[in-house]
$ cat upload-v7.cif   # mmCIF, C-alpha atoms
data_work
loop_
_atom_site.label_atom_id
_atom_site.label_comp_id
_atom_site.auth_asym_id
_atom_site.auth_seq_id
_atom_site.Cartn_x
_atom_site.Cartn_y
_atom_site.Cartn_z
CA MET A 7 -17.98 -11.21 17.62
CA THR A 8 -17.49 -11.17 13.86
CA ASP A 9 -14.11 -11.44 12.17
CA LYS A 10 -14.38 -7.82 11.10
CA THR A 11 -14.74 -6.64 14.70
CA ASN A 12 -11.65 -8.61 15.67
CA ILE A 13 -9.63 -7.07 12.87
CA LEU A 14 -10.61 -3.58 13.91
CA GLU A 15 -9.93 -4.26 17.57
CA ARG A 16 -6.49 -5.51 16.65
CA ASN A 17 -5.61 -2.22 15.04
CA TYR A 18 -7.34 0.35 17.17
CA SER A 19 -7.49 -1.08 20.69
CA ARG A 20 -4.20 0.63 21.57
CA LEU A 21 -5.39 3.91 20.06
CA ASN A 22 -7.93 4.38 22.89
CA ASN A 23 -5.31 4.33 25.63
CA ARG A 24 -2.63 6.07 23.61
CA LEU A 25 -4.90 9.00 22.70
CA THR A 26 -6.01 9.46 26.31
CA GLU A 27 -2.35 9.38 27.45
CA LEU A 28 -1.21 11.85 24.80
CA MET A 29 -4.03 14.27 25.56
CA ARG A 30 -3.13 14.17 29.27
CA GLU A 31 0.59 14.65 28.48
CA LYS A 32 0.02 17.58 26.15
CA GLY A 33 -2.75 19.14 28.24
CA PHE A 34 -5.57 18.86 25.71
CA THR A 35 -9.23 18.58 26.62
CA ILE A 36 -11.62 16.76 24.26
CA GLN A 37 -13.15 20.08 23.23
CA ALA A 38 -9.76 21.72 22.59
CA LEU A 39 -8.49 18.80 20.52
CA ALA A 40 -11.72 18.64 18.50
CA LYS A 41 -11.49 22.36 17.77
CA GLU A 42 -7.80 22.29 16.77
CA ALA A 43 -8.10 19.12 14.66
CA LYS A 44 -11.45 20.26 13.17
CA ILE A 45 -13.12 16.99 14.15
CA ALA A 46 -16.46 16.43 15.91
CA ILE A 47 -16.30 16.05 19.71
CA GLY A 48 -18.26 12.80 19.40
CA THR A 49 -15.57 11.33 17.14
CA ILE A 50 -12.83 12.10 19.67
CA GLN A 51 -14.91 10.57 22.47
CA LYS A 52 -15.44 7.45 20.37
CA LEU A 53 -11.72 7.21 19.59
CA MET A 54 -10.95 7.39 23.31
CA SER A 55 -13.42 4.76 24.45
CA ASP A 56 -14.53 2.47 21.62
CA PRO A 57 -12.03 -0.24 20.60
CA THR A 58 -14.17 -1.02 17.53
CA CYS A 59 -14.03 2.55 16.22
CA ASN A 60 -13.15 2.90 12.56
CA PRO A 61 -11.57 6.33 12.10
CA THR A 62 -10.53 7.66 8.70
CA ILE A 63 -6.83 8.17 8.12
CA VAL A 64 -7.55 11.86 7.50
CA SER A 65 -9.01 12.25 11.03
CA LEU A 66 -6.06 10.38 12.56
CA GLU A 67 -3.60 12.54 10.67
CA SER A 68 -5.17 15.79 11.82
CA ILE A 69 -5.16 14.55 15.44
CA GLY A 70 -1.51 13.49 15.01
CA LYS A 71 -0.61 16.93 13.67
CA VAL A 72 -2.24 18.70 16.62
CA LEU A 73 -0.64 16.35 19.16
CA ARG A 74 2.66 16.41 17.22
CA VAL A 75 3.00 12.64 16.99
CA SER A 76 3.38 10.32 14.04
CA LEU A 77 0.56 8.05 12.92
CA PRO A 78 2.22 4.79 14.12
CA GLU A 79 2.89 6.45 17.48
CA LEU A 80 -0.74 7.51 17.78
CA LEU A 81 -1.89 3.99 16.95
CA GLY A 82 0.45 2.52 19.55
CA GLN A 83 2.73 0.94 16.96
CA ASP A 84 6.35 1.60 17.83
CA ALA A 85 7.76 3.14 14.64
CA SER A 86 11.35 3.30 15.88
CA MET A 87 11.27 -0.35 16.89
CA SER A 88 9.95 -1.49 13.52
CA SER A 89 12.75 0.34 11.70
CA LEU A 90 15.33 -1.14 14.08
CA ASN A 91 13.93 -4.60 13.47
CA SER A 92 14.38 -4.45 9.72
CA THR A 93 16.23 -7.43 8.28
CA ASP A 94 18.40 -7.60 5.17
CA VAL A 95 17.32 -10.20 2.64
CA VAL A 96 19.57 -11.11 -0.30
CA VAL A 97 18.22 -10.68 -3.81
CA LEU A 98 18.89 -13.77 -5.93
CA ASP A 99 18.80 -14.27 -9.65
CA TRP A 100 16.13 -16.60 -11.07
CA ASN A 101 18.82 -18.56 -12.93
CA GLU A 102 20.70 -19.31 -9.70
CA LEU A 103 17.78 -21.13 -8.08
CA PRO A 104 17.11 -23.46 -6.34
CA ASN A 105 20.50 -23.80 -4.63
CA ALA A 106 21.96 -20.33 -5.14
CA LEU A 107 23.12 -19.73 -1.56
CA GLU A 108 24.66 -23.18 -1.21
CA ASN A 109 26.40 -23.18 -4.58
CA ASN A 110 27.79 -19.67 -4.42
CA PRO A 111 27.68 -18.37 -0.83
CA SER A 112 30.47 -15.81 -1.24
CA LYS A 113 28.94 -14.01 -4.23
CA LYS A 114 28.26 -10.31 -3.59
CA ARG A 115 24.53 -9.67 -3.85
CA THR A 116 22.18 -6.76 -3.42
CA VAL A 117 19.84 -6.77 -0.44
CA VAL A 118 16.35 -5.53 0.35
CA LYS A 119 15.18 -4.53 3.79
CA THR A 120 12.09 -5.97 5.39
CA SER A 121 10.38 -5.24 8.68
CA CYS A 122 8.54 -8.60 8.55
CA TYR A 123 9.73 -11.48 10.66
CA VAL A 124 11.59 -13.77 8.25
CA ASP A 125 13.73 -16.87 8.51
CA LYS A 126 17.53 -16.44 8.17
CA ASN A 127 17.42 -18.48 4.95
CA SER A 128 14.89 -16.16 3.36
CA PHE A 129 15.69 -14.70 -0.04
CA ALA A 130 14.22 -12.22 -2.50
CA LEU A 131 13.57 -12.31 -6.24
CA LYS A 132 12.63 -9.64 -8.71
CA MET A 133 9.31 -10.29 -10.45
CA ARG A 134 10.20 -10.99 -14.07
CA ASP A 135 6.87 -10.95 -15.92
CA ASN A 136 3.20 -9.92 -15.76
CA SER A 137 1.80 -13.35 -14.95
CA MET A 138 0.86 -12.33 -11.41
CA LEU A 139 -0.75 -8.96 -12.06
CA PRO A 140 -2.42 -7.02 -10.47
CA LEU A 141 -0.83 -7.87 -7.09
CA PHE A 142 2.74 -8.40 -8.26
CA PRO A 143 3.80 -6.03 -11.03
CA GLU A 144 7.00 -6.56 -12.97
CA ASN A 145 10.19 -5.63 -11.07
CA SER A 146 8.57 -5.77 -7.62
CA HIS A 147 10.67 -7.56 -5.00
CA LEU A 148 9.26 -10.85 -3.71
CA ILE A 149 10.53 -12.09 -0.34
CA PHE A 150 10.26 -15.84 0.25
CA ASP A 151 10.58 -17.90 3.40
CA PRO A 152 11.74 -21.46 2.60
CA ASN A 153 10.61 -22.78 5.99
CA LYS A 154 7.08 -21.39 6.03
CA LEU A 155 4.29 -23.91 5.63
CA PRO A 156 2.24 -23.33 2.45
CA LYS A 157 -1.53 -23.06 2.79
CA ASP A 158 -4.42 -22.99 0.34
CA GLY A 159 -4.14 -19.62 -1.44
CA SER A 160 -0.47 -19.03 -0.53
CA TYR A 161 1.82 -17.57 -3.17
CA VAL A 162 4.68 -20.00 -3.70
CA LEU A 163 7.88 -20.50 -5.61
CA VAL A 164 7.71 -23.97 -7.02
CA HIS A 165 10.12 -26.18 -8.94
CA ILE A 166 8.31 -28.16 -11.65
CA GLU A 167 10.31 -31.29 -12.31
CA LYS A 168 8.65 -32.08 -15.65
CA TYR A 169 9.74 -28.80 -17.24
CA ASN A 170 12.78 -28.34 -14.98
CA THR A 171 11.72 -24.78 -14.31
CA ILE A 172 10.95 -22.55 -11.35
CA MET A 173 7.67 -20.67 -11.25
CA PHE A 174 6.01 -18.13 -8.99
CA LYS A 175 2.31 -19.04 -8.69
CA GLN A 176 -0.66 -19.20 -6.34
CA LEU A 177 -1.18 -22.55 -4.64
CA HIS A 178 -4.61 -24.22 -4.48
CA MET A 179 -5.16 -27.25 -2.32
CA ASP A 180 -7.97 -29.69 -2.95
CA ASP A 181 -6.94 -32.69 -0.87
CA PRO A 182 -5.10 -34.79 -1.86
CA TYR A 183 -4.26 -32.71 -4.96
CA LYS A 184 -2.32 -29.48 -5.25
CA TYR A 185 -2.52 -27.03 -8.14
CA VAL A 186 -0.65 -23.85 -9.02
CA LYS A 187 -1.89 -21.04 -11.24
CA SER A 188 -1.17 -17.47 -12.25
CA ILE A 189 -3.52 -14.79 -10.92
CA ASN A 190 -3.45 -12.69 -14.08
CA PRO A 191 -6.70 -13.55 -15.96
CA LEU A 192 -4.74 -13.58 -19.23
CA PHE A 193 -2.76 -16.55 -17.90
CA LYS A 194 -5.80 -18.43 -16.52
CA ASP A 195 -5.28 -21.47 -18.75
CA ASN A 196 -1.92 -21.98 -17.15
CA ILE A 197 -3.10 -24.27 -14.30
CA LEU A 198 -0.68 -26.99 -13.32
CA LYS A 199 -1.29 -30.01 -11.14
CA LEU A 200 1.65 -30.58 -8.81
CA GLU A 201 3.23 -34.03 -8.86
CA SER A 202 5.07 -35.63 -5.94
CA SER A 203 8.39 -34.83 -7.64
CA ASP A 204 7.61 -31.08 -7.75
CA LYS A 205 8.97 -29.08 -4.86
CA ILE A 206 7.80 -25.88 -3.15
CA ILE A 207 10.98 -23.84 -2.61
CA GLY A 208 9.53 -20.97 -0.65
CA VAL A 209 6.34 -19.24 0.48
CA LEU A 210 5.86 -15.52 -0.16
CA VAL A 211 5.92 -13.37 2.97
CA GLN A 212 6.14 -9.90 1.46
CA SER A 213 6.16 -8.15 -1.88
CA GLN A 214 7.67 -4.71 -2.15
CA MET A 215 6.72 -2.32 -4.96
CA GLU A 216 9.32 -0.36 -6.83
CA TYR A 217 8.74 3.39 -7.28
CA MET B 1 -14.31 51.70 -12.54
CA LEU B 2 -13.34 49.61 -15.58
CA ASN B 3 -10.75 52.18 -16.61
CA LYS B 4 -9.22 52.12 -13.16
CA PHE B 5 -8.97 48.35 -13.34
CA ARG B 6 -7.35 48.49 -16.80
CA LYS B 7 -4.86 51.03 -15.53
CA LEU B 8 -3.98 48.78 -12.64
CA ILE B 9 -3.46 45.81 -14.98
CA ASN B 10 -1.24 47.89 -17.27
CA TYR B 11 0.73 49.08 -14.24
CA ILE B 12 1.28 45.48 -13.10
CA LYS B 13 2.23 44.45 -16.64
CA GLY B 14 4.79 47.24 -16.60
CA LEU B 15 6.23 46.00 -13.34
CA TYR B 16 6.43 42.40 -14.56
CA PRO B 17 7.07 42.39 -18.30
CA LYS B 18 6.61 39.07 -20.17
CA SER B 19 9.56 36.74 -19.95
CA ALA B 20 11.16 38.55 -17.06
CA PHE B 21 12.04 35.10 -15.72
CA ARG B 22 13.54 32.07 -17.37
CA LEU B 23 12.91 28.49 -16.31
CA VAL B 24 16.25 26.83 -15.51
CA SER B 25 15.42 23.33 -14.28
CA VAL B 26 12.73 21.10 -12.85
CA THR B 27 13.65 18.59 -10.15
CA GLY B 28 11.72 15.92 -8.26
CA GLU B 29 8.73 13.84 -9.35
CA ALA B 30 5.05 14.66 -9.49
CA ASN B 31 4.18 11.22 -8.07
CA ASN B 32 6.41 11.89 -5.06
CA LYS B 33 4.91 15.37 -4.64
CA ASN B 34 8.38 16.87 -4.44
CA LEU B 35 8.57 18.90 -7.66
CA SER B 36 10.54 22.10 -7.51
CA ILE B 37 11.21 24.63 -10.24
CA THR B 38 14.38 26.68 -10.45
CA TYR B 39 14.08 29.93 -12.39
CA GLN B 40 16.35 32.83 -13.14
CA VAL B 41 15.73 36.57 -13.40
CA ARG B 42 16.73 37.42 -16.97
CA GLY B 43 20.00 39.30 -17.19
CA LYS B 44 20.89 38.50 -13.57
CA SER B 45 22.68 35.62 -11.98
CA THR B 46 19.94 35.29 -9.34
CA VAL B 47 18.21 31.88 -9.31
CA VAL B 48 15.21 31.00 -7.17
CA THR B 49 13.76 27.55 -6.43
CA GLU B 50 10.06 27.27 -5.74
CA LYS B 51 7.24 24.71 -5.80
CA PRO B 52 5.02 24.92 -8.92
CA ASN B 53 1.82 25.51 -6.93
CA VAL B 54 3.48 28.44 -5.14
CA LEU B 55 4.40 29.95 -8.51
CA ILE B 56 0.80 29.60 -9.67
CA ASN B 57 -0.50 31.25 -6.54
CA GLU B 58 1.95 34.07 -7.13
CA LEU B 59 0.33 34.96 -10.44
CA MET B 60 2.55 37.97 -10.89
CA VAL B 61 5.58 35.74 -11.05
CA LEU B 62 3.94 33.33 -13.46
CA ASN B 63 3.01 36.16 -15.79
CA GLY B 64 6.66 36.99 -15.93
CA PHE B 65 7.41 33.70 -17.72
CA CYS B 66 7.13 33.13 -21.45
CA LYS B 67 4.05 31.16 -22.61
CA GLU B 68 5.86 27.82 -22.96
CA ASP B 69 7.37 28.05 -19.47
CA ALA B 70 4.06 29.16 -17.94
CA ASP B 71 2.25 26.24 -19.62
CA LEU B 72 4.83 23.81 -18.31
CA ILE B 73 4.52 25.19 -14.77
CA TYR B 74 0.70 24.87 -14.91
CA GLN B 75 1.01 21.33 -16.22
CA LEU B 76 3.50 20.32 -13.53
CA ALA B 77 1.40 21.82 -10.75
CA LEU B 78 -1.69 20.07 -12.04
CA THR B 79 0.06 16.70 -12.39
CA GLU B 80 1.42 17.00 -8.84
CA LYS B 81 -2.00 17.96 -7.48
CA MET B 82 -3.74 15.11 -9.31
CA SER B 83 -1.20 12.48 -8.24
CA PRO B 84 -2.40 10.11 -5.48
CA LEU B 85 -1.92 10.94 -1.80
CA PHE B 86 -1.34 7.35 -0.70
CA ARG B 87 0.47 4.45 -2.27
CA ILE B 88 1.01 0.80 -1.50
CA ILE B 89 4.68 0.21 -0.83
CA SER B 90 4.41 -3.46 0.09
CA VAL B 91 1.99 -6.31 0.68
CA ILE B 92 2.52 -8.48 3.74
CA PHE B 93 1.25 -12.07 3.65
CA ASN B 94 0.66 -13.12 7.25
CA ASP B 95 -0.87 -16.43 8.22
CA GLU B 96 -4.14 -14.84 9.29
CA ILE B 97 -4.59 -11.85 7.02
CA THR B 98 -2.95 -10.04 4.12
CA GLN B 99 -2.06 -6.45 4.86
CA PHE B 100 -1.10 -3.54 2.64
CA GLU B 101 1.69 -1.26 3.83
CA ILE B 102 0.47 2.20 2.87
CA GLU B 103 2.60 5.30 2.64
CA ASP B 104 1.31 8.85 2.95
CA ILE B 105 3.36 10.54 0.22
CA HIS B 106 3.37 13.96 1.94
CA THR B 107 4.46 12.87 5.39
CA ARG B 108 6.20 9.56 4.46
CA LEU B 109 4.35 7.87 7.32
CA THR B 110 3.37 4.24 6.82
CA LEU B 111 0.44 2.24 8.09
CA ASN B 112 -0.53 -1.44 7.72
CA LEU B 113 -4.15 -2.04 6.78
CA SER B 114 -6.13 -4.95 5.35
CA ALA B 115 -8.09 -4.59 2.09
CA GLU B 116 -11.36 -4.58 4.03
CA GLU B 117 -10.17 -1.82 6.34
CA ILE B 118 -9.04 0.34 3.41
CA VAL B 119 -12.29 -0.10 1.51
CA SER B 120 -14.39 0.64 4.59
CA SER B 121 -12.49 3.90 5.21
CA SER B 122 -14.60 6.49 3.41
CA ASN B 123 -12.00 8.95 2.10
CA MET B 124 -9.12 6.62 1.49
CA MET B 125 -9.95 4.87 -1.78
CA SER B 126 -10.15 8.07 -3.81
CA ASN B 127 -6.60 8.93 -2.82
CA PHE B 128 -4.93 5.88 -4.40
CA SER B 129 -3.79 5.39 -7.98
CA SER B 130 -5.95 3.18 -10.20
CA ASN B 131 -3.30 0.43 -10.09
CA ASP B 132 -3.37 0.39 -6.29
CA VAL B 133 -7.19 0.39 -6.23
CA THR B 134 -7.14 -2.68 -8.51
CA LYS B 135 -4.74 -4.44 -6.11
CA ILE B 136 -6.95 -3.67 -3.10
CA TYR B 137 -10.19 -4.84 -4.75
CA PHE B 138 -8.48 -7.93 -6.14
CA GLN B 139 -7.33 -8.92 -2.66
CA LEU B 140 -10.73 -8.15 -1.14
CA LEU B 141 -12.45 -10.27 -3.78
CA ASN B 142 -9.97 -13.10 -3.15
CA GLU B 143 -10.68 -13.04 0.58
CA LYS B 144 -14.48 -12.97 0.06
CA GLU B 145 -14.28 -15.82 -2.45
CA LYS B 146 -12.24 -17.91 -0.03
CA GLU B 147 -14.70 -17.23 2.80
CA ASN B 148 -17.69 -18.11 0.59
CA PHE B 149 -15.99 -21.32 -0.50
CA ARG B 150 -15.31 -22.25 3.13
CA LEU B 151 -18.94 -21.62 4.10
CA LYS B 152 -20.21 -23.55 1.08
CA LYS B 153 -17.99 -26.50 1.97
CA GLN B 154 -19.18 -26.39 5.59
CA ASN B 155 -22.84 -26.32 4.44
CA THR B 156 -22.27 -29.25 2.08
CA ILE B 157 -20.82 -31.36 4.91
CA GLU B 158 -23.78 -30.49 7.17
CA TYR B 159 -26.23 -31.34 4.36
CA GLU B 160 -24.53 -34.69 3.73
CA ASN B 161 -24.76 -35.52 7.44
CA LEU B 162 -28.47 -34.65 7.44
CA GLY B 163 -28.93 -36.91 4.40
CA LYS B 164 -27.38 -39.85 6.24
CA VAL B 165 -29.81 -39.40 9.15
CA PHE B 166 -32.72 -39.33 6.70
CA VAL B 167 -31.65 -42.60 5.05
CA LEU B 168 -31.33 -44.36 8.40
CA LYS B 169 -34.85 -43.34 9.45
CA ARG B 170 -36.53 -44.33 6.15
CA PRO B 171 -39.15 -47.06 6.76
CA GLU B 172 -38.93 -50.34 4.89
CA THR B 173 -41.16 -50.59 1.82
CA HIS B 174 -41.90 -54.37 1.79
#

$ encode --input "upload-v7.cif" --output "structure tokens"
Amino acid sequence: MTDKTNILERNYSRLNNRLTELMREKGFTIQALAKEAKIAIGTIQKLMSDPTCNPTIVSLESIGKVLRVSLPELLGQDASMSSLNSTDVVVLDWNELPNALENNPSKKRTVVKTSCYVDKNSFALKMRDNSMLPLFPENSHLIFDPNKLPKDGSYVLVHIEKYNTIMFKQLHMDDPYKYVKSINPLFKDNILKLESSDKIIGVLVQSQMEY
Amino acid sequence: MLNKFRKLINYIKGLYPKSAFRLVSVTGEANNKNLSITYQVRGKSTVVTEKPNVLINELMVLNGFCKEDADLIYQLALTEKMSPLFRIISVIFNDEITQFEIEDIHTRLTLNLSAEEIVSSSNMMSNFSSNDVTKIYFQLLNEKEKENFRLKKQNTIEYENLGKVFVLKRPETH
């Protein structure tokens, strides 16, 4: 099986069973559901039996509307659980790093909520420039896990000893060397080789956009 | 026939004279698809709140506004209609795969999908803003580049191993 098939199975394998269950619960036949949701009968049959199906979000939404269930519920993702599992992560100031929580633990700070699994020492920062566009626009919240192991391509918060500064960059590993760089093409010349004295403070687990 | 039509138009114009209504306030945001317009019947204390697209559909009501107000209502309705249906609210960096948390602006439902899944969904891409589309393609390109690099590295190792076998089997030239 290809990687792509695995990805799709991961997301839609529960949909097959969940859709069959919901149709039984709500008393819908395949034909009735197809008519109400304005979707081809073949598509519904595929959604019920094929774990590698790749439905459009529009089709899923119209089925959800007819069956009166939310999209996560239809896909077998427990929406209520994910909201219950949200964790508060403190937002730090760039100037306070790297030892903000140890130096000033009692300081009142704002928090952001995350549904990702994060370490209790995780913290958030507000993106301060455009060096990591297009993925990380200015003012987006970046949530870092200090205990996560960095990998090639990870986005990391790194302390550069030479300049005594903290940077948010993408990590590139070419054993035994490590490099960090900005992803914005305008900052491409800004590639730094990490020395043994430089320290990775945290690995990015989530970035939240601000609207 | 034409006369009858003209009479009807004049009759309607009489019922709804220009500027019968006055725009009081606009609340919400076009990008959040929650715009609502509050307007007042001139000379009365009655205020009504309505969505801009409803006002446009009710052409009679729109004709009752002055030109500036009517233009603004058209513009707001158009901006709301043209604004994207989906938006990326967060990006999750798992060990295996990076996923985008996508919000349906109308229903506020969220769904986690990878860049590849979003791109392979036929209708989805056209419903994002240009900024979000750039993010998705950037991530997709990143993943493809990484995969190509991995394959290239694997091929190089295999080639080097083949080379070693060739050297060992080379006959002596003396």

$ closest_atom_pairs --input "upload-v7.cif" --of "chain B" --to "chain A" --cutoff "7 Å" --atoms "only C-alpha atoms" --output "CSV"
residue,atom,partner,partner_atom,distance
B:Ile89,CA,A:Met215,CA,5.3
B:Ser90,CA,A:Gln214,CA,4.1
B:Val91,CA,A:Ser213,CA,5.2
B:Ile92,CA,A:Gln212,CA,4.5
B:Phe93,CA,A:Val211,CA,4.9
B:Asn94,CA,A:Val211,CA,6.8
B:Leu109,CA,A:Leu77,CA,6.8
B:Leu111,CA,A:Pro78,CA,6.8
B:Ser121,CA,A:Thr62,CA,5.5
B:Ser122,CA,A:Thr62,CA,6.8
B:Asn123,CA,A:Thr62,CA,6.9
B:Thr134,CA,A:Pro140,CA,6.7
B:Lys135,CA,A:Leu141,CA,5.3

$ write_last_selection --input "upload-v7.cif" --atoms "C-alpha atoms" --output "PDB file, keeping the file's coordinate frame"
ATOM      1  CA  ILE B  89       4.680   0.210  -0.830  1.00  0.00           C
ATOM      2  CA  SER B  90       4.410  -3.460   0.090  1.00  0.00           C
ATOM      3  CA  VAL B  91       1.990  -6.310   0.680  1.00  0.00           C
ATOM      4  CA  ILE B  92       2.520  -8.480   3.740  1.00  0.00           C
ATOM      5  CA  PHE B  93       1.250 -12.070   3.650  1.00  0.00           C
ATOM      6  CA  ASN B  94       0.660 -13.120   7.250  1.00  0.00           C
ATOM      7  CA  LEU B 109       4.350   7.870   7.320  1.00  0.00           C
ATOM      8  CA  LEU B 111       0.440   2.240   8.090  1.00  0.00           C
ATOM      9  CA  SER B 121     -12.490   3.900   5.210  1.00  0.00           C
ATOM     10  CA  SER B 122     -14.600   6.490   3.410  1.00  0.00           C
ATOM     11  CA  ASN B 123     -12.000   8.950   2.100  1.00  0.00           C
ATOM     12  CA  THR B 134      -7.140  -2.680  -8.510  1.00  0.00           C
ATOM     13  CA  LYS B 135      -4.740  -4.440  -6.110  1.00  0.00           C
TER      14      LYS B 135
END

$ atom_distance --input "upload-v7.cif" --atom1 "atom CA of Leu59 of chain B" --atom2 "atom CA of Ile73 of chain B"
11.5 Å

$ resolve_selection --input "upload-v7.cif" --expression "the PyMOL selection byres ((chain B and resi 103) around 8)" --output "NGL selection string"
:B and (86-89 or 101-102 or 104-105 or 108-111)

$ residues_around --input "upload-v7.cif" --residues "Asp99 of chain A" --least-positions-apart "3" --cutoff "8 Å" --atoms "all atoms listed in the file" --output "ChimeraX atom specification"
/A:102-103,131-132

$ atom_distance --input "upload-v7.cif" --atom1 "atom CA of Pro84 of chain B" --atom2 "atom CA of Ser130 of chain B"
9.1 Å

$ resolve_selection --input "upload-v7.cif" --expression "the PyMOL selection byres ((chain A and resi 125) around 8)" --output "PyMOL selection string"
chain A and resi 123-124+126-128+151-153

$ write_last_selection --input "upload-v7.cif" --atoms "C-alpha atoms" --output "CSV table (one decimal), in the frame of the given file"
chain,number,residue,atom,x,y,z
A,123,TYR,CA,9.7,-11.5,10.7
A,124,VAL,CA,11.6,-13.8,8.2
A,126,LYS,CA,17.5,-16.4,8.2
A,127,ASN,CA,17.4,-18.5,5.0
A,128,SER,CA,14.9,-16.2,3.4
A,151,ASP,CA,10.6,-17.9,3.4
A,152,PRO,CA,11.7,-21.5,2.6
A,153,ASN,CA,10.6,-22.8,6.0

$ atom_distance --input "upload-v7.cif" --atom1 "atom CA of Glu68 of chain B" --atom2 "atom CA of Ile9 of chain B"
21.8 Å

$ closest_residue --input "upload-v7.cif" --among "B:Glu50, B:Asp132, B:Glu80, B:Glu116" --to "Ile97 of chain B" --atoms "all atoms listed in the file"
B:Glu116

$ closest_residue --input "upload-v7.cif" --among "B:Phe65, B:Phe138, B:Phe5, B:Phe149" --to "Ser19 of chain B" --atoms "only C-alpha atoms"
B:Phe65

$ resolve_selection --input "upload-v7.cif" --expression "the PyMOL selection byres ((chain B and resi 40) around 9)" --output "ChimeraX atom specification"
/B:20-24,38-39,41-49
